$ cat query39.txt   # compact mmCIF, C-alpha atoms
# COMPACT_ATOMS: atom_id res chain seq x y z
CA ARG M 1 67.75 -43.68 94.88
CA ASP M 2 65.73 -41.74 92.34
CA PRO M 3 63.81 -44.26 90.15
CA THR M 4 63.73 -41.81 87.22
CA ALA M 5 67.54 -41.41 87.18
CA SER M 6 68.14 -44.63 85.24
CA ALA M 7 65.49 -43.71 82.68
CA ALA M 8 67.14 -40.36 81.93
CA MET M 9 69.23 -40.44 78.78
CA SER M 10 72.41 -38.52 78.07
CA HIS M 11 72.07 -34.97 76.76
CA ARG M 12 73.73 -33.24 73.87
CA LYS M 13 76.35 -30.57 74.54
CA PHE M 14 75.03 -27.93 72.11
CA GLU M 15 71.40 -27.42 71.10
CA ARG M 16 70.38 -26.54 67.55
CA PRO M 17 67.15 -26.21 65.54
CA ARG M 18 65.98 -29.21 63.55
CA HIS M 19 66.89 -29.49 59.86
CA GLY M 20 64.14 -28.94 57.30
CA SER M 21 60.59 -27.70 57.68
CA LEU M 22 57.96 -30.20 58.81
CA GLY M 23 55.41 -28.15 56.88
CA PHE M 24 56.52 -29.90 53.69
CA CYS M 25 56.26 -33.45 55.06
CA PRO M 26 55.85 -36.07 53.75
CA ARG M 27 58.58 -35.20 51.23
CA LYS M 28 57.44 -37.46 48.44
CA ARG M 29 55.77 -37.20 45.07
CA CYS M 30 52.23 -35.85 45.29
CA ALA M 31 49.26 -37.84 44.01
CA HIS M 32 47.55 -34.70 42.65
CA HIS M 33 49.20 -31.43 41.73
CA LYS M 34 46.56 -29.48 43.64
CA GLY M 35 46.34 -28.69 47.33
CA LYS M 36 43.77 -30.51 49.46
CA VAL M 37 41.70 -28.64 52.04
CA ARG M 38 41.94 -30.74 55.21
CA SER M 39 39.46 -28.66 57.19
CA PHE M 40 37.27 -25.69 56.39
CA PRO M 41 36.67 -22.83 58.89
CA ARG M 42 34.24 -23.51 61.73
CA ASP M 43 30.64 -22.79 60.77
CA ASP M 44 28.71 -20.00 62.55
CA PRO M 45 24.94 -20.03 61.78
CA LYS M 46 24.59 -16.43 63.03
CA LYS M 47 26.67 -15.06 60.13
CA PRO M 48 25.32 -14.61 56.58
CA CYS M 49 26.07 -17.33 54.00
CA HIS M 50 29.52 -17.07 52.43
CA LEU M 51 32.13 -19.18 50.63
CA THR M 52 35.27 -20.19 52.55
CA ALA M 53 37.89 -21.02 49.90
CA PHE M 54 39.19 -20.06 46.47
CA MET M 55 41.63 -21.41 43.91
CA GLY M 56 44.43 -19.53 42.14
CA TYR M 57 47.65 -20.00 40.18
CA LYS M 58 51.14 -18.79 41.01
CA ALA M 59 52.03 -15.98 38.61
CA GLY M 60 55.48 -15.14 40.01
CA MET M 61 57.30 -13.50 42.91
CA THR M 62 58.47 -10.04 43.90
CA HIS M 63 59.48 -8.30 47.13
CA ILE M 64 57.96 -5.70 49.43
CA VAL M 65 59.35 -3.31 52.03
CA ARG M 66 57.33 -3.26 55.24
CA ASP M 67 57.63 -1.92 58.80
CA VAL M 68 58.11 -4.71 61.33
CA ASP M 69 55.80 -4.49 64.34
CA LYS M 70 57.32 -7.05 66.70
CA PRO M 71 58.07 -5.71 70.21
CA GLY M 72 61.18 -7.29 71.72
CA SER M 73 62.77 -7.96 68.34
CA LYS M 74 65.81 -6.07 67.03
CA GLN M 75 63.82 -5.45 63.83
CA HIS M 76 60.97 -3.71 65.74
CA LYS M 77 59.90 -0.46 64.02
CA LYS M 78 62.47 -1.00 61.28
CA GLU M 79 61.97 -1.60 57.58
CA SER M 80 62.28 -5.16 56.30
CA VAL M 81 62.45 -6.51 52.73
CA GLU M 82 60.41 -9.68 52.30
CA ALA M 83 59.69 -12.01 49.40
CA VAL M 84 56.03 -12.29 48.33
CA THR M 85 54.22 -14.56 45.89
CA ILE M 86 51.70 -13.17 43.42
CA ILE M 87 48.70 -15.48 42.85
CA GLU M 88 46.47 -15.06 39.83
CA THR M 89 42.82 -15.69 40.73
CA PRO M 90 40.45 -15.60 37.74
CA PRO M 91 36.74 -15.90 38.72
CA MET M 92 35.51 -19.43 39.49
CA ILE M 93 32.24 -20.88 38.19
CA VAL M 94 29.85 -22.81 40.47
CA VAL M 95 28.48 -25.95 38.79
CA GLY M 96 27.00 -28.03 41.62
CA ILE M 97 25.98 -28.52 45.25
CA VAL M 98 26.92 -31.44 47.55
CA GLY M 99 25.18 -32.18 50.85
CA TYR M 100 26.86 -34.08 53.70
CA VAL M 101 25.24 -35.88 56.64
CA ARG M 102 27.14 -36.32 59.92
CA THR M 103 27.59 -39.99 60.95
CA PRO M 104 29.57 -41.64 63.78
CA ARG M 105 32.28 -42.33 61.17
CA GLY M 106 32.42 -38.77 59.84
CA LEU M 107 30.73 -36.99 56.96
CA ARG M 108 28.82 -38.96 54.33
CA SER M 109 27.64 -37.36 51.08
CA LEU M 110 23.87 -37.57 50.66
CA THR M 111 23.43 -36.31 47.10
CA THR M 112 24.90 -34.02 44.45
CA VAL M 113 22.94 -31.61 42.26
CA TRP M 114 24.59 -30.29 39.08
CA ALA M 115 23.89 -27.22 36.98
CA LYS M 116 22.16 -27.69 33.61
CA HIS M 117 24.82 -26.04 31.46
CA LEU M 118 28.44 -27.17 31.96
CA SER M 119 31.41 -25.78 30.03
CA ASP M 120 33.88 -27.92 28.02
CA GLU M 121 36.60 -26.58 30.33
CA PHE M 122 34.91 -28.41 33.22
CA LYS M 123 34.05 -31.56 31.20
CA ARG M 124 37.69 -31.97 30.17
CA ARG M 125 38.44 -32.90 33.80
CA TYR M 126 36.53 -36.16 33.26
CA TYR M 127 38.67 -37.28 30.31
CA LYS M 128 42.25 -38.50 30.16
CA ASN M 129 42.53 -37.29 26.56
CA TRP M 130 39.75 -34.94 25.42
CA TYR M 131 41.22 -34.60 21.92
CA LYS M 132 41.14 -38.34 21.15
CA SER M 133 37.85 -39.16 22.89
CA LYS M 134 35.08 -39.64 20.34
CA SER M 135 31.88 -39.72 22.39
CA ARG M 136 32.41 -36.91 24.95
CA LYS M 137 29.19 -37.92 26.65
CA ALA M 138 29.99 -36.72 30.19
CA PHE M 139 26.84 -35.23 31.79
CA THR M 140 24.81 -35.42 28.53
CA LYS M 141 22.28 -37.87 30.01
CA TYR M 142 22.08 -35.94 33.30
CA THR M 143 21.48 -32.54 31.68
CA LYS M 144 18.85 -34.03 29.35
CA GLU M 145 16.92 -35.62 32.24
CA GLU M 146 17.14 -32.51 34.41
CA SER M 147 15.89 -30.24 31.64
CA GLU M 148 12.83 -32.48 31.32
CA LYS M 149 12.27 -33.02 35.07
CA GLN M 150 12.58 -29.75 36.97
CA LYS M 151 10.69 -31.45 39.81
CA ASP M 152 13.57 -33.88 40.52
CA PHE M 153 16.06 -30.99 40.60
CA ASP M 154 14.03 -29.16 43.27
CA LYS M 155 13.38 -32.43 45.15
CA GLU M 156 17.10 -33.17 45.54
CA LEU M 157 17.80 -29.62 46.73
CA ALA M 158 14.99 -29.99 49.29
CA ARG M 159 16.59 -33.26 50.53
CA ILE M 160 19.91 -31.47 51.08
CA ALA M 161 18.17 -28.62 52.94
CA LYS M 162 16.25 -31.09 55.15
CA TYR M 163 18.89 -33.69 56.09
CA CYS M 164 22.36 -32.19 55.57
CA GLU M 165 24.40 -30.24 58.09
CA VAL M 166 27.33 -29.48 55.77
CA VAL M 167 26.69 -27.95 52.34
CA ARG M 168 29.45 -27.42 49.78
CA VAL M 169 29.40 -26.03 46.26
CA VAL M 170 31.38 -27.60 43.41
CA ALA M 171 33.30 -24.91 41.53
CA HIS M 172 35.89 -24.92 38.76
CA THR M 173 38.56 -22.49 37.63
CA GLN M 174 38.74 -20.71 34.27
CA LEU M 175 42.16 -21.50 32.85
CA SER M 176 41.25 -19.71 29.61
CA LYS M 177 41.53 -16.43 31.53
CA THR M 178 45.12 -17.16 32.61
CA GLY M 179 48.27 -17.25 30.53
CA LEU M 180 48.61 -21.03 30.98
CA SER M 181 48.41 -23.43 28.06
CA GLN M 182 46.35 -26.01 29.96
CA LYS M 183 42.66 -26.21 29.04
CA LYS M 184 41.45 -28.71 31.67
CA ALA M 185 39.88 -26.84 34.60
CA HIS M 186 40.65 -27.64 38.23
CA VAL M 187 37.59 -28.57 40.30
CA MET M 188 37.10 -28.32 44.06
CA GLU M 189 34.41 -28.37 46.71
CA ILE M 190 34.02 -25.12 48.66
CA GLN M 191 32.13 -25.19 51.94
CA VAL M 192 29.30 -22.72 52.47
CA ASN M 193 29.31 -21.34 56.02
CA GLY M 194 26.72 -19.20 57.82
CA GLY M 195 22.93 -19.41 58.01
CA SER M 196 20.76 -22.54 58.15
CA SER M 197 20.97 -25.49 55.76
CA LYS M 198 18.05 -24.08 53.77
CA ASP M 199 19.84 -20.72 53.44
CA LYS M 200 23.02 -22.47 52.29
CA VAL M 201 21.20 -24.42 49.58
CA GLU M 202 19.48 -21.26 48.34
CA PHE M 203 22.80 -19.40 48.39
CA GLY M 204 24.52 -22.15 46.37
CA LYS M 205 21.61 -22.48 43.93
CA ASN M 206 21.75 -18.74 43.17
CA LEU M 207 25.44 -19.08 42.26
CA PHE M 208 24.83 -21.81 39.65
CA GLU M 209 26.63 -21.09 36.35
CA LYS M 210 27.75 -17.68 37.65
CA GLU M 211 31.26 -16.28 38.04
CA VAL M 212 32.47 -15.88 41.62
CA PRO M 213 35.27 -13.27 41.93
CA VAL M 214 37.89 -13.58 44.66
CA LYS M 215 36.83 -10.26 46.25
CA SER M 216 33.44 -11.83 47.13
CA VAL M 217 35.25 -14.53 49.18
CA PHE M 218 38.19 -12.66 50.77
CA ALA M 219 38.53 -9.04 51.87
CA LYS M 220 41.54 -6.77 51.51
CA ASP M 221 44.21 -7.21 54.24
CA GLU M 222 42.47 -10.37 55.53
CA MET M 223 44.67 -13.08 57.06
CA ILE M 224 44.10 -16.34 55.18
CA ASP M 225 45.60 -19.83 55.03
CA VAL M 226 47.31 -20.81 51.77
CA LEU M 227 48.02 -24.36 50.67
CA GLY M 228 49.65 -25.76 47.57
CA VAL M 229 52.07 -28.30 46.15
CA THR M 230 55.77 -27.57 45.63
CA LYS M 231 57.17 -28.04 42.15
CA GLY M 232 59.55 -30.79 43.34
CA HIS M 233 63.32 -31.09 42.84
CA GLY M 234 63.67 -34.74 41.86
CA TYR M 235 65.74 -37.39 43.65
CA LYS M 236 68.04 -35.56 46.08
CA GLY M 237 70.49 -36.32 48.85
CA VAL M 238 70.13 -35.18 52.47
CA VAL M 239 72.14 -31.96 52.03
CA SER M 240 69.80 -30.40 49.46
CA ARG M 241 66.69 -32.24 50.70
CA TRP M 242 66.92 -31.48 54.42
CA HIS M 243 69.77 -28.91 54.41
CA VAL M 244 71.92 -30.83 56.88
CA THR M 245 75.52 -29.68 57.37
CA LYS M 246 78.17 -31.07 55.04
CA LEU M 247 80.79 -33.13 56.83
CA PRO M 248 84.44 -31.96 57.11
CA ARG M 249 86.84 -32.18 54.16
CA LYS M 250 88.73 -35.38 55.05
CA THR M 251 85.67 -37.42 55.99
CA HIS M 252 85.78 -41.08 54.97
CA ARG M 253 83.18 -42.27 52.41
CA GLY M 254 81.78 -38.90 51.35
CA LEU M 255 80.84 -35.47 52.66
CA ARG M 256 77.19 -35.10 51.65
CA LYS M 257 75.90 -37.58 54.21
CA VAL M 258 74.50 -37.56 57.72
CA GLY M 259 77.11 -38.30 60.37
CA CYS M 260 76.18 -39.48 63.86
CA ILE M 261 72.43 -39.66 64.41
CA GLY M 262 72.53 -40.73 68.04
CA SER M 263 73.78 -43.45 70.35
CA TRP M 264 74.02 -47.11 69.33
CA HIS M 265 71.45 -48.15 71.94
CA PRO M 266 68.52 -47.75 71.81
CA ALA M 267 69.03 -48.89 68.18
CA ARG M 268 66.57 -46.57 66.51
CA VAL M 269 66.34 -42.97 65.33
CA GLY M 270 64.29 -41.23 67.99
$ encode --input "query39.txt" --output "structure tokens"
Amino acid sequence: RDPTASAAMSHRKFERPRHGSLGFCPRKRCAHHKGKVRSFPRDDPKKPCHLTAFMGYKAGMTHIVRDVDKPGSKQHKKESVEAVTIIETPPMIVVGIVGYVRTPRGLRSLTTVWAKHLSDEFKRRYYKNWYKSKSRKAFTKYTKEESEKQKDFDKELARIAKYCEVVRVVAHTQLSKTGLSQKKAHVMEIQVNGGSSKDKVEFGKNLFEKEVPVKSVFAKDEMIDVLGVTKGHGYKGVVSRWHVTKLPRKTHRGLRKVGCIGSWHPARVG
């Protein structure tokens, strides 16, 4: 007797694709309405120093007509109409450098060096309500000390160049250059790849308080990864949330529900 025969479960009669994209999981309310970079591209010291990410805002959508190049498909060498998203990318401003040291438990930040002149657009990020706050003292002490002690500024940059393997710049967007009403800038760390640690620090230092256009990060026709947060559709049932099939007309206790989700035993959704 085959010992694996008893372990084999029954099969379904007709196969079908799963419902809903796993790319949007977990389907719950986001903590921050800004995408999080889980991993930056792999670093190659042989290449020149360059930034690896950029931030933009969805401006709208349109459609394009393109020739499909997919051998074996019925659409091969035919025209196809596809939806595209237009992303507005005003230049970002670099305001700091962070150095990370590799440890057995992952990356640990060693130190952060900030630029001497920071815009109100960036400082707003550190306040819940900029309009009502009276002091607005974010970074005032730091910028005063750094203007007096240039030696400490260079010392911290030298520490990053000596000990850190991963160097990232802190950059913020310029919402004033978009059509949005928000004034609080979005801030993110962008990894610097290519060259040695010393080259990366010098590269980041030269970008301080300067505008970085998107064409200096990405080239035309380059394949890139895009991440973001969906706008959300509130509390929904399974039909509009996962696009499962509605049950037949005379179904007891409602149509917009999931029917059979498997056998009684094992008593779990597998």
$ closest_residue --input "query39.txt" --among "M:Ile97, M:Ala171, M:Met188, M:Ile86" --to "Val37 of chain M" --atoms "all atoms listed in the file"
M:Met188
$ atom_distance --input "query39.txt" --atom1 "atom CA of Tyr100 of chain M" --atom2 "atom CA of Met223 of chain M"
27.7 Å
$ closest_residue --input "query39.txt" --among "M:Asp44, M:Glu146, M:Asp225, M:Asp152" --to "Asn193 of chain M" --atoms "all atoms listed in the file"
M:Asp44
$ closest_residue --input "query39.txt" --among "M:His33, M:Lys116, M:Arg268, M:Arg42" --to "Gln150 of chain M" --atoms "all atoms listed in the file"
M:Lys116
$ atom_distance --input "query39.txt" --atom1 "atom CA of Ala219 of chain M" --atom2 "atom CA of Thr89 of chain M"
13.7 Å
$ residues_around --input "query39.txt" --residues "segment 199-212 of chain M" --least-positions-apart "3" --cutoff "7 Å" --atoms "all atoms listed in the file" --output "ChimeraX atom specification"
/M:49,91-97,115,157,161,167,169,192,195-196,216
$ atom_distance --input "query39.txt" --atom1 "atom CA of His243 of chain M" --atom2 "atom CA of Arg27 of chain M"
13.2 Å
$ residues_near_point --input "query39.txt" --point "(57.6, -7.3, 49.7)" --cutoff "8 Å" --atoms "only C-alpha atoms" --output "PyMOL selection string"
chain M and resi 62-66+81-84
$ residues_around --input "query39.txt" --residues "Thr85 of chain M" --least-positions-apart "5" --cutoff "12 Å" --atoms "only C-alpha atoms" --output "VMD selection string"
chain M and resid 56 to 64 226
$ residues_near_point --input "query39.txt" --point "(60.6, -31.2, 44.0)" --cutoff "10 Å" --atoms "all atoms listed in the file" --output "list of chain:residue names"
M:Arg27, M:Lys28, M:Arg29, M:Cys30, M:Val229, M:Thr230, M:Lys231, M:Gly232, M:His233, M:Gly234, M:Tyr235, M:Lys236, M:Arg241
$ closest_residue --input "query39.txt" --among "M:Gly228, M:Pro266, M:Gly254, M:Gly237" --to "His32 of chain M" --atoms "only C-alpha atoms"
M:Gly228
$ residues_around --input "query39.txt" --residues "Gly106 of chain M" --least-positions-apart "5" --cutoff "12 Å" --atoms "all atoms listed in the file" --output "PyMOL selection string"
chain M and resi 100-101+165-166
$ residues_around --input "query39.txt" --residues "Lys162 of chain M" --least-positions-apart "2" --cutoff "8 Å" --atoms "only C-alpha atoms" --output "number ranges by chain"
M: 158-160, 164, 197-198
$ closest_residue --input "query39.txt" --among "M:Gly194, M:Thr245, M:Asp67, M:Glu145" --to "Lys47 of chain M" --atoms "all atoms listed in the file"
M:Gly194
$ build_atoms --input "query39.txt" --residues "segment 227-238 of chain M" --atoms "all heavy atoms" --output "short mmCIF file (atom, residue, chain, number, x, y, z; two decimals), in the coordinates of the input"
data_model
loop_
_atom_site.label_atom_id
_atom_site.label_comp_id
_atom_site.auth_asym_id
_atom_site.auth_seq_id
_atom_site.Cartn_x
_atom_site.Cartn_y
_atom_site.Cartn_z
N LEU M 227 47.44 -23.03 50.81
CA LEU M 227 48.02 -24.36 50.67
C LEU M 227 48.28 -24.63 49.20
O LEU M 227 47.61 -24.09 48.32
CB LEU M 227 47.10 -25.44 51.26
CG LEU M 227 45.68 -25.56 50.72
CD1 LEU M 227 45.62 -26.62 49.66
CD2 LEU M 227 44.72 -25.90 51.84
N GLY M 228 49.28 -25.45 48.95
CA GLY M 228 49.65 -25.76 47.57
C GLY M 228 50.62 -26.92 47.54
O GLY M 228 50.91 -27.55 48.56
N VAL M 229 51.13 -27.21 46.35
CA VAL M 229 52.07 -28.30 46.15
C VAL M 229 53.34 -27.73 45.57
O VAL M 229 53.29 -26.95 44.61
CB VAL M 229 51.47 -29.37 45.21
CG1 VAL M 229 52.45 -30.50 44.98
CG2 VAL M 229 50.18 -29.91 45.78
N THR M 230 54.49 -28.08 46.15
CA THR M 230 55.77 -27.57 45.63
C THR M 230 56.06 -28.21 44.28
O THR M 230 55.52 -29.26 43.96
CB THR M 230 56.93 -27.89 46.60
OG1 THR M 230 57.01 -29.31 46.76
CG2 THR M 230 56.72 -27.25 47.94
N LYS M 231 56.91 -27.55 43.51
CA LYS M 231 57.17 -28.04 42.15
C LYS M 231 58.04 -29.30 42.17
O LYS M 231 58.07 -30.03 41.18
CB LYS M 231 57.84 -26.96 41.30
CG LYS M 231 59.27 -26.61 41.69
CD LYS M 231 59.85 -25.61 40.73
CE LYS M 231 61.30 -25.35 41.04
NZ LYS M 231 61.92 -24.41 40.11
N GLY M 232 58.73 -29.58 43.26
CA GLY M 232 59.55 -30.79 43.34
C GLY M 232 60.93 -30.58 42.75
O GLY M 232 61.12 -29.80 41.81
N HIS M 233 61.94 -31.25 43.30
CA HIS M 233 63.32 -31.09 42.84
C HIS M 233 63.97 -32.43 42.51
O HIS M 233 65.19 -32.55 42.50
CB HIS M 233 64.14 -30.37 43.92
CG HIS M 233 63.65 -28.98 44.17
ND1 HIS M 233 64.06 -27.89 43.44
CD2 HIS M 233 62.74 -28.49 45.05
CE1 HIS M 233 63.45 -26.80 43.87
NE2 HIS M 233 62.63 -27.15 44.85
N GLY M 234 63.13 -33.45 42.27
CA GLY M 234 63.67 -34.74 41.86
C GLY M 234 64.30 -35.52 43.02
O GLY M 234 64.10 -35.21 44.19
N TYR M 235 65.09 -36.53 42.66
CA TYR M 235 65.74 -37.39 43.65
C TYR M 235 66.97 -36.67 44.19
O TYR M 235 67.89 -36.36 43.44
CB TYR M 235 66.13 -38.72 43.00
CG TYR M 235 66.58 -39.76 43.98
CD1 TYR M 235 65.66 -40.53 44.69
CD2 TYR M 235 67.94 -39.98 44.21
CE1 TYR M 235 66.08 -41.49 45.59
CE2 TYR M 235 68.36 -40.95 45.10
CZ TYR M 235 67.43 -41.69 45.80
OH TYR M 235 67.84 -42.64 46.69
N LYS M 236 66.97 -36.37 45.48
CA LYS M 236 68.04 -35.56 46.08
C LYS M 236 68.64 -36.26 47.28
O LYS M 236 68.00 -37.13 47.91
CB LYS M 236 67.49 -34.20 46.52
CG LYS M 236 67.06 -33.30 45.38
CD LYS M 236 68.27 -32.62 44.77
CE LYS M 236 67.88 -31.56 43.77
NZ LYS M 236 69.03 -30.85 43.25
N GLY M 237 69.85 -35.83 47.64
CA GLY M 237 70.49 -36.32 48.85
C GLY M 237 70.06 -35.50 50.06
O GLY M 237 69.29 -34.55 49.94
N VAL M 238 70.59 -35.83 51.23
CA VAL M 238 70.13 -35.18 52.47
C VAL M 238 70.54 -33.72 52.55
O VAL M 238 69.85 -32.91 53.17
CB VAL M 238 70.63 -35.92 53.72
CG1 VAL M 238 69.89 -37.22 53.92
CG2 VAL M 238 72.13 -36.15 53.67
#
